[in-house]
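So this block is coords.cif, mmCIF, C-alpha atoms:
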data_target
loop_
_atom_site.group_PDB
_atom_site.id
_atom_site.type_symbol
_atom_site.label_atom_id
_atom_site.label_comp_id
_atom_site.auth_asym_id
_atom_site.auth_seq_id
_atom_site.Cartn_x
_atom_site.Cartn_y
_atom_site.Cartn_z
ATOM 1 C CA MET A 1 49.467 42.731 66.755
ATOM 2 C CA PRO A 2 51.141 39.667 65.209
ATOM 3 C CA ILE A 3 54.959 39.605 65.138
ATOM 4 C CA ARG A 4 54.990 39.604 61.332
ATOM 5 C CA SER A 5 52.990 42.888 61.263
ATOM 6 C CA VAL A 6 55.261 44.504 63.838
ATOM 7 C CA THR A 7 58.347 43.429 61.869
ATOM 8 C CA THR A 8 56.874 44.758 58.629
ATOM 9 C CA LEU A 9 55.914 48.038 60.292
ATOM 10 C CA ALA A 10 59.395 48.423 61.819
ATOM 11 C CA ALA A 11 61.063 47.696 58.475
ATOM 12 C CA THR A 12 58.840 50.238 56.726
ATOM 13 C CA LEU A 13 59.632 52.906 59.325
ATOM 14 C CA LEU A 14 63.360 52.257 58.975
ATOM 15 C CA VAL A 15 63.160 52.619 55.190
ATOM 16 C CA LEU A 16 61.194 55.862 55.509
ATOM 17 C CA LEU A 17 63.595 57.296 58.080
ATOM 18 C CA ALA A 18 66.649 56.300 56.066
ATOM 19 C CA SER A 19 65.299 57.757 52.830
ATOM 20 C CA GLY A 20 64.391 61.033 54.562
ATOM 21 C CA ALA A 21 67.857 61.357 56.048
ATOM 22 C CA ALA A 22 69.472 60.687 52.693
ATOM 23 C CA GLN A 23 67.392 63.383 51.032
ATOM 24 C CA ALA A 24 68.046 65.926 53.760
ATOM 25 C CA ALA A 25 71.839 65.804 53.442
ATOM 26 C CA GLU A 26 73.330 63.507 50.826
ATOM 27 C CA THR A 27 76.707 65.229 50.848
ATOM 28 C CA THR A 28 78.859 67.317 53.163
ATOM 29 C CA PRO A 29 80.957 70.449 52.707
ATOM 30 C CA ALA A 30 84.078 68.298 53.194
ATOM 31 C CA ALA A 31 82.897 65.841 50.524
ATOM 32 C CA GLN A 32 82.225 68.723 48.137
ATOM 33 C CA LEU A 33 85.741 70.063 48.753
ATOM 34 C CA GLN A 34 87.194 66.607 48.162
ATOM 35 C CA HIS A 35 85.159 66.207 44.949
ATOM 36 C CA TRP A 36 86.214 69.529 43.430
ATOM 37 C CA SER A 37 89.828 69.101 44.558
ATOM 38 C CA ALA A 38 89.884 65.730 42.794
ATOM 39 C CA GLN A 39 88.364 67.300 39.671
ATOM 40 C CA ALA A 40 91.017 70.041 39.788
ATOM 41 C CA GLY A 41 93.850 67.590 40.403
ATOM 42 C CA ALA A 42 95.037 69.608 43.416
ATOM 43 C CA PRO A 43 93.741 70.399 46.894
ATOM 44 C CA GLY A 44 91.704 73.559 47.363
ATOM 45 C CA ASN A 45 93.712 76.559 48.571
ATOM 46 C CA ALA A 46 91.874 78.645 51.189
ATOM 47 C CA ALA A 47 93.990 81.781 50.623
ATOM 48 C CA LYS A 48 93.285 81.682 46.880
ATOM 49 C CA GLY A 49 89.632 80.998 47.651
ATOM 50 C CA GLN A 50 89.387 84.058 49.894
ATOM 51 C CA THR A 51 90.978 86.265 47.233
ATOM 52 C CA PHE A 52 88.683 84.827 44.566
ATOM 53 C CA PHE A 53 85.607 85.283 46.797
ATOM 54 C CA ASN A 54 86.351 88.951 47.470
ATOM 55 C CA SER A 55 87.465 89.934 43.930
ATOM 56 C CA LYS A 56 85.232 91.449 41.247
ATOM 57 C CA HIS A 57 86.949 89.736 38.279
ATOM 58 C CA GLY A 58 86.317 92.698 35.991
ATOM 59 C CA GLY A 59 82.571 92.872 36.654
ATOM 60 C CA GLU A 60 80.494 94.832 39.115
ATOM 61 C CA TRP A 61 79.973 91.985 41.606
ATOM 62 C CA SER A 62 82.099 89.652 43.670
ATOM 63 C CA CYS A 63 80.862 86.665 45.666
ATOM 64 C CA SER A 64 81.102 88.879 48.745
ATOM 65 C CA SER A 65 78.782 91.468 47.153
ATOM 66 C CA CYS A 66 75.865 89.253 48.156
ATOM 67 C CA HIS A 67 77.316 86.844 50.720
ATOM 68 C CA GLY A 68 79.273 89.353 52.833
ATOM 69 C CA THR A 69 82.835 89.482 54.103
ATOM 70 C CA PRO A 70 83.299 87.069 55.730
ATOM 71 C CA PRO A 71 80.224 85.047 54.667
ATOM 72 C CA THR A 72 79.368 83.989 58.221
ATOM 73 C CA ALA A 73 76.147 85.996 58.633
ATOM 74 C CA GLN A 74 73.080 86.515 56.472
ATOM 75 C CA GLY A 75 73.799 88.150 53.157
ATOM 76 C CA LYS A 76 71.557 90.064 50.813
ATOM 77 C CA HIS A 77 71.321 89.740 47.033
ATOM 78 C CA ALA A 78 72.892 92.878 45.553
ATOM 79 C CA ASN A 79 70.171 93.271 42.925
ATOM 80 C CA THR A 80 66.945 91.924 44.473
ATOM 81 C CA GLY A 81 67.644 92.489 48.176
ATOM 82 C CA LYS A 82 66.582 88.890 48.948
ATOM 83 C CA VAL A 83 68.056 87.606 52.219
ATOM 84 C CA ILE A 84 70.646 84.848 51.775
ATOM 85 C CA ALA A 85 71.537 82.347 54.503
ATOM 86 C CA PRO A 86 75.153 82.358 55.721
ATOM 87 C CA LEU A 87 77.385 80.592 53.200
ATOM 88 C CA ALA A 88 80.095 79.289 55.531
ATOM 89 C CA PRO A 89 79.168 75.749 56.628
ATOM 90 C CA ALA A 90 80.094 76.393 60.284
ATOM 91 C CA PHE A 91 77.336 79.038 60.354
ATOM 92 C CA ASN A 92 74.751 77.217 58.215
ATOM 93 C CA ALA A 93 74.242 73.474 58.716
ATOM 94 C CA LYS A 94 72.518 73.158 55.315
ATOM 95 C CA ALA A 95 75.331 74.748 53.299
ATOM 96 C CA PHE A 96 76.829 72.407 50.692
ATOM 97 C CA THR A 97 74.752 69.363 51.763
ATOM 98 C CA ASP A 98 72.850 68.870 48.480
ATOM 99 C CA SER A 99 74.956 68.159 45.386
ATOM 100 C CA ALA A 100 72.281 69.315 42.947
ATOM 101 C CA LYS A 101 71.946 72.652 44.744
ATOM 102 C CA VAL A 102 75.717 73.061 44.961
ATOM 103 C CA ASP A 103 76.023 72.533 41.208
ATOM 104 C CA LYS A 104 73.074 74.839 40.474
ATOM 105 C CA TRP A 105 74.320 77.697 42.659
ATOM 106 C CA PHE A 106 77.953 77.447 41.539
ATOM 107 C CA LYS A 107 76.782 77.606 37.923
ATOM 108 C CA ARG A 108 74.419 80.537 38.503
ATOM 109 C CA ASN A 109 76.701 82.561 40.782
ATOM 110 C CA CYS A 110 79.855 81.998 38.741
ATOM 111 C CA ASN A 111 78.011 83.192 35.653
ATOM 112 C CA ASP A 112 76.852 86.286 37.572
ATOM 113 C CA VAL A 113 80.332 87.105 38.901
ATOM 114 C CA LEU A 114 82.593 85.848 36.100
ATOM 115 C CA THR A 115 80.237 85.639 33.102
ATOM 116 C CA ARG A 116 81.398 82.017 32.799
ATOM 117 C CA GLU A 117 81.355 78.849 34.845
ATOM 118 C CA CYS A 118 83.951 78.489 37.581
ATOM 119 C CA SER A 119 86.719 75.984 37.053
ATOM 120 C CA ALA A 120 87.043 72.966 39.339
ATOM 121 C CA ALA A 121 90.112 74.606 40.921
ATOM 122 C CA GLU A 122 88.182 77.821 41.628
ATOM 123 C CA LYS A 123 85.359 75.828 43.248
ATOM 124 C CA ALA A 124 87.851 73.837 45.341
ATOM 125 C CA ASP A 125 89.620 77.027 46.454
ATOM 126 C CA VAL A 126 86.347 78.749 47.448
ATOM 127 C CA LEU A 127 85.193 75.644 49.324
ATOM 128 C CA ALA A 128 88.539 75.427 51.145
ATOM 129 C CA TYR A 129 88.084 79.065 52.216
ATOM 130 C CA LEU A 130 84.449 78.611 53.272
ATOM 131 C CA ASN A 131 85.092 75.321 55.111
ATOM 132 C CA GLY A 132 87.907 76.992 57.050
ATOM 133 C CA LEU A 133 85.731 79.776 58.472
ATOM 134 C CA LYS A 134 84.881 79.108 62.107
#

Would you write the structure of this file as structure tokens?
Amino acid sequence: MPIRSVTTLAATLLVLLASGAAQAAETTPAAQLQHWSAQAGAPGNAAKGQTFFNSKHGGEWSCSSCHGTPPTAQGKHANTGKVIAPLAPAFNAKAFTDSAKVDKWFKRNCNDVLTRECSAAEKADVLAYLNGLK
């Protein structure tokens, strides 16, 4: 095979590998915490996050209703019974690694638990709690 073909093939493989890696995990739990802390104008508070996670906020569900207490093992959706992967990043390598999914699930779950979207401070606090679980 000519050197030019080998070089082209190697470059193509590198591009494919790099794009696959970027799609698999374009963010980290720590980056998500940093993002929401910056949006809130204060660092996330793990103690507040734990309280928030376990509280019902006037409704019938809390975050822990589906994700468990602590959220280090599989959970189960309180209404449908669908199995949910562990939420704490130390117990689930995929947790909080896709910004679009993080935004989607925060929006959906906050609406379920609070009947409104979570504030940036609430997201930062919950992420501080979840990132601290080992």

Practice task
Please indicate the distance in Å from atom CA of Glu26 of chain A to atom CA of Ser64 of chain A, rounded to one decimal place.
Solution key: 26.6 Å

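The residue that comes closest to Pro89 of chain A, out of A:Lys101, A:Pro71, A:Ser65, A:Ala120 and on the basis of all atoms listed in the file, is A:Pro71.
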
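Atom to atom, atom CA of Ala47 of chain A and atom CA of Ala88 of chain A stand 14.9 Å apart.
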
Problem - Residue members of the PyMOL selection byres ((chain A and resi 74-79) around 12) in the file shown, as a list in words - result: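 Output of the PyMOL selection byres ((chain A and resi 74-79) around 12): Glu60, Trp61, Ser62, Cys63, Ser64, Ser65, Cys66, His67, Gly68, Thr69, Pro70, Pro71, Thr72, Ala73, Thr80, Gly81, Lys82, Val83, Ile84, Ala85, Pro86, Leu87, Ala88, Phe91, Asn92, Asn109, Asp112 and Val113 of chain A.
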
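Atom CA of Leu133 of chain A lies 13.1 Å from atom CA of Ala93 of chain A.
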
Practice task
Find, counting all atoms listed in the file, the residue in A:Ser55, A:Thr28, A:Asn45, A:Thr115 that gets nearest to Ala90 of chain A.
Solution key: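 Closest candidate: A:Thr28.
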
Problem - Pick from A:Gly59, A:Ala31, A:Thr51, A:Gln39, whichever lies nearest to Asn111 of chain A using only C-alpha atoms - result: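 Closest residue, counting only C-alpha atoms: A:Gly59.
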
Handout entry: Nearby residues (all atoms listed in the file) at most 8 Å from Ser119 of chain A, same-chain spacing under 3 positions excluded, as a PyMOL selection string
Key = chain A and resi 40+122-123

Considering all atoms listed in the file, return as an mmCIF file with C-alpha atoms, in the coordinates of the input whatever protein or nucleic-acid residues lie within 9 Å of segment 48-50 of chain A, sequence-local ones (same chain, fewer than 2 positions apart) excluded.
data_model
loop_
_atom_site.group_PDB
_atom_site.id
_atom_site.type_symbol
_atom_site.label_atom_id
_atom_site.label_comp_id
_atom_site.auth_asym_id
_atom_site.auth_seq_id
_atom_site.Cartn_x
_atom_site.Cartn_y
_atom_site.Cartn_z
ATOM 1 C CA GLY A 44 91.704 73.559 47.363
ATOM 2 C CA ASN A 45 93.712 76.559 48.571
ATOM 3 C CA ALA A 46 91.874 78.645 51.189
ATOM 4 C CA PHE A 52 88.683 84.827 44.566
ATOM 5 C CA PHE A 53 85.607 85.283 46.797
ATOM 6 C CA ASN A 54 86.351 88.951 47.470
ATOM 7 C CA SER A 55 87.465 89.934 43.930
ATOM 8 C CA PRO A 70 83.299 87.069 55.730
ATOM 9 C CA GLU A 122 88.182 77.821 41.628
ATOM 10 C CA LYS A 123 85.359 75.828 43.248
ATOM 11 C CA ALA A 124 87.851 73.837 45.341
ATOM 12 C CA ASP A 125 89.620 77.027 46.454
ATOM 13 C CA VAL A 126 86.347 78.749 47.448
ATOM 14 C CA LEU A 127 85.193 75.644 49.324
ATOM 15 C CA ALA A 128 88.539 75.427 51.145
ATOM 16 C CA TYR A 129 88.084 79.065 52.216
ATOM 17 C CA LEU A 130 84.449 78.611 53.272
#

Practice task
Please provide the set of residues having any atom within 9 Å of Gln32 of chain A, restricted to all atoms listed in the file, with same-chain residues fewer than 3 positions apart removed, written as a ChimeraX atom specification.
Solution key: /A:27-29,35-37,96-97,99,102,124,127
